[in-house]
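Dropping query.cif in here (mmCIF, C-alpha atoms):
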data_start
loop_
_atom_site.label_atom_id
_atom_site.label_comp_id
_atom_site.auth_asym_id
_atom_site.auth_seq_id
_atom_site.Cartn_x
_atom_site.Cartn_y
_atom_site.Cartn_z
CA GLY A 17 20.81 4.32 14.63
CA ALA A 18 17.66 2.30 15.04
CA VAL A 19 18.02 -1.46 14.74
CA VAL A 20 15.64 -4.10 13.49
CA SER A 21 16.51 -7.65 14.39
CA GLN A 22 15.19 -10.55 12.37
CA HIS A 23 15.42 -14.15 13.52
CA PRO A 24 16.30 -16.72 12.37
CA SER A 25 18.62 -15.65 9.59
CA TRP A 26 18.42 -19.06 7.95
CA VAL A 27 16.03 -21.96 8.34
CA ILE A 28 15.56 -25.28 6.60
CA CYS A 29 12.35 -27.20 7.12
CA LYS A 30 10.48 -30.17 5.77
CA SER A 31 7.52 -29.72 3.48
CA GLY A 32 4.28 -29.49 5.44
CA THR A 33 5.75 -27.97 8.57
CA SER A 34 5.29 -24.39 9.78
CA VAL A 35 8.03 -21.85 10.29
CA LYS A 36 7.90 -18.70 12.39
CA ILE A 37 10.07 -15.67 11.63
CA GLU A 38 10.44 -12.89 14.17
CA CYS A 39 11.03 -9.22 13.55
CA ARG A 40 11.95 -7.00 16.49
CA SER A 41 12.57 -3.30 16.76
CA LEU A 42 15.32 -3.14 19.34
CA ASP A 43 15.43 0.49 20.36
CA PHE A 44 12.20 2.02 19.19
CA GLN A 45 8.50 1.23 19.15
CA ALA A 46 7.10 0.34 15.79
CA THR A 47 3.35 0.58 15.33
CA THR A 48 3.79 -0.54 11.75
CA MET A 49 6.01 -3.22 10.30
CA PHE A 50 6.21 -4.51 6.77
CA TRP A 51 6.97 -7.97 5.45
CA TYR A 52 8.65 -8.47 2.09
CA ARG A 53 9.64 -11.45 0.06
CA GLN A 54 12.75 -11.25 -2.08
CA PHE A 55 12.87 -13.54 -5.06
CA PRO A 56 16.05 -15.03 -6.52
CA LYS A 57 16.12 -12.53 -9.38
CA GLN A 58 16.18 -9.68 -6.88
CA SER A 59 12.61 -8.38 -6.87
CA LEU A 60 11.41 -7.27 -3.44
CA MET A 61 7.69 -7.89 -3.08
CA LEU A 62 5.59 -6.34 -0.34
CA MET A 63 3.54 -9.10 1.26
CA ALA A 64 1.70 -7.35 4.05
CA THR A 65 1.57 -4.44 6.43
CA SER A 66 1.56 -5.45 10.06
CA ASN A 67 -0.21 -3.12 12.48
CA GLU A 68 0.20 -3.44 16.22
CA GLY A 69 -2.97 -4.63 17.85
CA SER A 70 -4.93 -5.17 14.66
CA LYS A 71 -5.11 -7.47 11.69
CA ALA A 72 -2.45 -7.29 9.05
CA THR A 73 -3.23 -5.83 5.65
CA TYR A 74 -2.22 -8.22 2.91
CA GLU A 75 -1.27 -7.29 -0.64
CA GLN A 76 -3.22 -8.70 -3.52
CA GLY A 77 -2.27 -12.27 -4.29
CA VAL A 78 -0.77 -13.03 -0.88
CA GLU A 79 -2.56 -15.84 0.97
CA LYS A 80 -3.32 -14.61 4.47
CA ASP A 81 -4.02 -18.14 5.73
CA LYS A 82 -0.66 -19.24 4.41
CA PHE A 83 1.36 -16.34 5.75
CA LEU A 84 0.09 -15.57 9.23
CA ILE A 85 1.20 -12.25 10.66
CA ASN A 86 0.93 -11.29 14.29
CA HIS A 87 1.96 -7.92 15.72
CA ALA A 88 1.17 -8.38 19.36
CA SER A 89 3.47 -5.72 20.76
CA LEU A 90 5.08 -2.48 19.67
CA THR A 91 8.43 -4.19 19.21
CA LEU A 92 7.58 -7.57 17.73
CA SER A 93 5.92 -8.84 14.58
CA THR A 94 5.96 -12.47 13.53
CA LEU A 95 5.44 -14.10 10.16
CA THR A 96 4.44 -17.76 10.21
CA VAL A 97 4.65 -19.71 6.99
CA THR A 98 2.11 -22.46 7.49
CA SER A 99 2.31 -25.87 5.85
CA ALA A 100 5.40 -24.79 3.97
CA HIS A 101 6.07 -26.09 0.48
CA PRO A 102 9.21 -25.87 -1.67
CA GLU A 103 7.74 -22.95 -3.62
CA ASP A 104 7.69 -20.97 -0.36
CA SER A 105 11.47 -21.09 -0.31
CA SER A 106 12.60 -17.51 -0.49
CA PHE A 107 14.27 -14.66 1.34
CA TYR A 108 11.89 -12.89 3.72
CA ILE A 109 12.65 -9.39 4.97
CA CYS A 110 10.87 -7.27 7.55
CA SER A 111 11.02 -3.55 8.09
CA ALA A 112 9.80 -1.20 10.77
CA THR A 113 9.19 2.51 10.72
CA ILE A 114 9.56 5.11 13.43
CA PRO A 115 6.07 6.55 13.65
CA GLY A 116 5.56 9.87 11.90
CA GLN A 117 9.11 10.16 10.62
CA GLY A 118 8.72 9.12 7.01
CA ASN A 119 10.11 6.36 4.92
CA GLU A 120 13.72 7.45 5.38
CA LYS A 121 13.17 6.16 8.90
CA LEU A 122 12.29 2.74 7.58
CA PHE A 123 14.71 0.21 9.02
CA PHE A 124 15.15 -3.26 7.64
CA GLY A 125 16.05 -6.55 9.20
CA SER A 126 18.85 -8.59 7.68
CA GLY A 127 16.40 -11.13 6.30
CA THR A 128 15.57 -14.81 6.70
CA GLN A 129 16.47 -17.37 4.08
CA LEU A 130 13.83 -20.09 4.13
CA SER A 131 14.52 -23.37 2.38
CA VAL A 132 11.71 -25.92 2.27
CA LEU A 133 12.75 -29.46 1.36
CA ALA B 21 -1.34 1.30 -9.57
CA GLN B 22 2.12 2.33 -8.50
CA SER B 23 5.09 0.63 -10.10
CA VAL B 24 8.82 1.03 -10.37
CA ALA B 25 11.09 -0.26 -13.09
CA GLN B 26 14.82 -0.79 -12.91
CA PRO B 27 15.75 -1.85 -16.44
CA GLU B 28 19.24 -3.08 -15.66
CA ASP B 29 19.88 -6.24 -13.65
CA GLN B 30 23.53 -5.32 -13.31
CA VAL B 31 25.73 -2.32 -13.88
CA ASN B 32 29.49 -2.65 -14.15
CA VAL B 33 31.78 0.34 -13.77
CA ALA B 34 35.47 0.91 -13.18
CA GLU B 35 36.55 2.54 -9.96
CA GLY B 36 36.83 6.29 -10.33
CA ASN B 37 34.37 6.46 -13.19
CA PRO B 38 30.90 7.99 -12.87
CA LEU B 39 28.02 5.61 -12.35
CA THR B 40 24.32 5.72 -13.11
CA VAL B 41 21.66 3.29 -11.94
CA LYS B 42 18.39 3.80 -13.76
CA CYS B 43 14.87 3.94 -12.35
CA THR B 44 11.53 4.89 -13.85
CA TYR B 45 8.23 5.05 -12.05
CA SER B 46 4.51 5.11 -12.63
CA VAL B 47 2.09 6.63 -10.11
CA SER B 48 -1.30 8.27 -10.31
CA GLY B 49 -0.34 11.27 -8.19
CA ASN B 50 2.77 13.04 -6.99
CA PRO B 51 5.45 10.49 -6.22
CA TYR B 52 7.67 10.09 -3.23
CA LEU B 53 10.82 8.43 -4.53
CA PHE B 54 13.53 6.61 -2.65
CA TRP B 55 16.79 4.77 -3.17
CA TYR B 56 17.92 2.02 -0.84
CA VAL B 57 21.11 -0.03 -0.86
CA GLN B 58 21.56 -3.62 0.28
CA TYR B 59 25.02 -4.86 1.15
CA PRO B 60 25.64 -8.62 1.41
CA ASN B 61 24.03 -10.17 4.48
CA ARG B 62 22.69 -6.81 5.58
CA GLY B 63 19.28 -5.16 5.65
CA LEU B 64 18.37 -2.42 3.22
CA GLN B 65 19.69 1.03 4.07
CA PHE B 66 18.17 4.36 3.11
CA LEU B 67 20.26 6.41 0.66
CA LEU B 68 18.11 9.35 -0.35
CA LYS B 69 14.60 10.51 -1.13
CA TYR B 70 12.72 12.98 -3.28
CA ILE B 71 9.49 14.49 -2.05
CA THR B 72 9.33 17.97 -3.52
CA GLY B 73 11.56 20.90 -4.37
CA ASP B 74 14.96 20.71 -6.03
CA ASN B 75 15.08 17.99 -8.65
CA LEU B 76 18.63 17.02 -7.69
CA VAL B 77 18.71 15.21 -4.40
CA LYS B 78 21.91 14.48 -2.52
CA GLY B 79 22.17 11.50 -0.23
CA SER B 80 24.52 9.29 1.72
CA TYR B 81 27.98 8.12 0.60
CA GLY B 82 28.23 10.74 -2.16
CA PHE B 83 25.22 9.50 -4.09
CA GLU B 84 22.69 11.77 -5.72
CA ALA B 85 19.58 11.30 -7.80
CA GLU B 86 17.79 13.47 -10.31
CA PHE B 87 14.02 13.62 -10.45
CA ASN B 88 12.74 14.10 -14.00
CA LYS B 89 8.99 14.49 -14.10
CA SER B 90 8.65 14.52 -17.89
CA GLN B 91 10.58 11.29 -18.21
CA THR B 92 9.18 9.84 -14.97
CA SER B 93 12.69 8.90 -13.96
CA PHE B 94 14.75 9.02 -10.80
CA HIS B 95 18.22 7.81 -11.76
CA LEU B 96 20.86 7.30 -9.09
CA LYS B 97 24.27 8.78 -9.79
CA LYS B 98 27.72 9.16 -8.32
CA PRO B 99 30.56 11.16 -9.91
CA SER B 100 33.32 8.73 -8.93
CA ALA B 101 32.60 5.10 -8.05
CA LEU B 102 34.34 3.19 -5.28
CA VAL B 103 34.82 -0.57 -5.05
CA SER B 104 32.96 -0.38 -1.73
CA ASP B 105 29.88 0.90 -3.59
CA SER B 106 29.37 -2.60 -4.98
CA ALA B 107 25.96 -3.69 -3.70
CA LEU B 108 22.33 -4.17 -4.67
CA TYR B 109 20.41 -0.95 -5.22
CA PHE B 110 16.65 -0.60 -5.02
CA CYS B 111 14.48 2.23 -6.24
CA ALA B 112 11.13 2.62 -4.48
CA VAL B 113 8.01 4.75 -4.73
CA SER B 114 5.13 5.62 -2.45
CA LEU B 115 2.19 8.00 -2.60
CA ASP B 116 2.87 9.31 0.85
CA ASN B 117 6.05 9.63 2.83
CA THR B 118 4.70 7.22 5.38
CA ASP B 119 2.89 4.92 2.99
CA LYS B 120 4.03 1.48 2.04
CA LEU B 121 6.90 1.37 -0.40
CA ILE B 122 6.80 -0.39 -3.74
CA PHE B 123 10.26 -1.52 -4.77
CA GLY B 124 11.85 -2.08 -8.13
CA THR B 125 13.55 -5.34 -8.97
CA GLY B 126 16.95 -4.08 -7.93
CA THR B 127 20.17 -3.43 -9.79
CA ARG B 128 23.43 -5.03 -8.82
CA LEU B 129 26.28 -2.54 -9.04
CA GLN B 130 29.72 -3.99 -9.50
CA VAL B 131 32.66 -1.61 -9.27
CA PHE B 132 35.94 -3.03 -10.52
CA PRO B 133 39.33 -1.85 -9.25
#
Using the file provided, produce a representation of the structure as structure tokens.
Amino acid sequence: GAVVSQHPSWVICKSGTSVKIECRSLDFQATTMFWYRQFPKQSLMLMATSNEGSKATYEQGVEKDKFLINHASLTLSTLTVTSAHPEDSSFYICSATIPGQGNEKLFFGSGTQLSVL
Amino acid sequence: AQSVAQPEDQVNVAEGNPLTVKCTYSVSGNPYLFWYVQYPNRGLQFLLKYITGDNLVKGSYGFEAEFNKSQTSFHLKKPSALVSDSALYFCAVSLDNTDKLIFGTGTRLQVFP
């Protein structure tokens, strides 16, 4: 089946630094990717929709200047957490969909655990 | 606004017994409903979906879910639980089969031998 690769799987950084997380669709082209944040008590929150070649669409309450999303190619979307703070520590998950095939064809990366010291 | 509620943080069941993981939803139109499963250190995997038609939907690994419009519920069920079913289960809703998904808070299923 289709594979979405997310890298890194785990990152620790100092407060104030920026961290980039990559999401790649390995065997299909994804015009749309989604970024989620998973909180410790399990809730999975949609942060933004990443569209290839255009600006990302952010959900209400998500700071677009804080969480920079770039979808420069059909197989790669990146999420950059800028000037990270301890409250940004969380589990970030991306997903990609095969165009026109519905949400059952939504494939998820294995996630990135971000810890900000 | 769309929303999904999973009232149970955790469900415990003995192997071989039936299991139910609850989900209720709130949407302004006709819902598209989904169940996903997350195994440890793995990405979410699609289990099943309801779009229209038969209220009982069958999915992967022997799971099924029943759409109940009057109760706005979409509970996940399995007649006989396996230890390997232990995982985190997410209910999700969208207004379109290709629209963004809104997830519930997840329910951890623990199946004991």
Select, from B:Gln65, B:Asn75, B:Thr40, B:Thr125, the residue with the minimum atom-to-atom distance to Lys121 in chain A, counting all atoms listed in the file.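 Comparing B:Gln65, B:Asn75, B:Thr40, B:Thr125 against Lys121 in chain A, the winner is B:Gln65.
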Spell out the residues picked by the PyMOL selection byres ((chain A and resi 99-111) around 7) here, as a compact mmCIF listing (two decimals) with C-alpha atoms, keeping the file's coordinate frame.
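Result went into selection_7.txt, see below:
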# COMPACT_ATOMS: atom_id res chain seq x y z
CA SER A 31 7.52 -29.72 3.48
CA GLY A 32 4.28 -29.49 5.44
CA THR A 33 5.75 -27.97 8.57
CA SER A 34 5.29 -24.39 9.78
CA CYS A 39 11.03 -9.22 13.55
CA MET A 49 6.01 -3.22 10.30
CA PHE A 50 6.21 -4.51 6.77
CA TRP A 51 6.97 -7.97 5.45
CA TYR A 52 8.65 -8.47 2.09
CA ARG A 53 9.64 -11.45 0.06
CA GLN A 54 12.75 -11.25 -2.08
CA PHE A 55 12.87 -13.54 -5.06
CA VAL A 97 4.65 -19.71 6.99
CA THR A 98 2.11 -22.46 7.49
CA ALA A 112 9.80 -1.20 10.77
CA THR A 113 9.19 2.51 10.72
CA LEU A 122 12.29 2.74 7.58
CA PHE A 123 14.71 0.21 9.02
CA PHE A 124 15.15 -3.26 7.64
CA GLY A 125 16.05 -6.55 9.20
CA SER A 126 18.85 -8.59 7.68
CA GLY A 127 16.40 -11.13 6.30
CA THR A 128 15.57 -14.81 6.70
CA GLN A 129 16.47 -17.37 4.08
CA LEU A 130 13.83 -20.09 4.13
CA SER A 131 14.52 -23.37 2.38
CA VAL A 132 11.71 -25.92 2.27
CA LEU A 133 12.75 -29.46 1.36
Take the PyMOL selection byres ((chain B and resi 30) around 8), run it mentally on this structure, and tell me the resulting residues as a list of chain:residue names.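 What the PyMOL selection byres ((chain B and resi 30) around 8) grabs from the file is B:Glu28, B:Asp29, B:Val31, B:Asn32, B:Thr127, B:Arg128, B:Leu129, B:Gln130.
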Using all atoms listed in the file: which of B:Gly126, B:Gly82, B:Pro27, B:Pro60 has the shortest distance to Ser106 in chain B: B:Pro60
May I have the residues at most 12 Å from (9.5, 7.3, -12.4) in the file's coordinates, counting all atoms listed in the file, as a PyMOL selection string? chain B and resi 22-27+42-54+70+85-96+111-114+122-124
Suppose a student applies the PyMOL selection byres ((chain A and resi 86-94) around 10) to this structure; what residues should they get, written as a VMD selection string? chain A and resid 20 to 23 36 to 51 65 to 72 83 to 85 95 to 97 110 to 112
To one decimal place, how far is CA of Cys29 in chain A from CA of Leu108 in chain B in Å? 27.7 Å
Kindly give the distance, in Å, that separates CA of Pro38 in chain B and CA of Lys98 in chain B, rounded to a single decimal. 5.7 Å
Which residue gives the smallest distance to chain A among B:Ala34, B:Lys120, B:Glu84, B:Asp74, with only C-alpha atoms counted?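 Closest to chain A of all the choices is B:Lys120.
Counting all atoms listed in the file and comparing A:Gly116, A:Asp81, A:Val35, A:Ile28, the residue that lies closest to chain B is A:Gly116.
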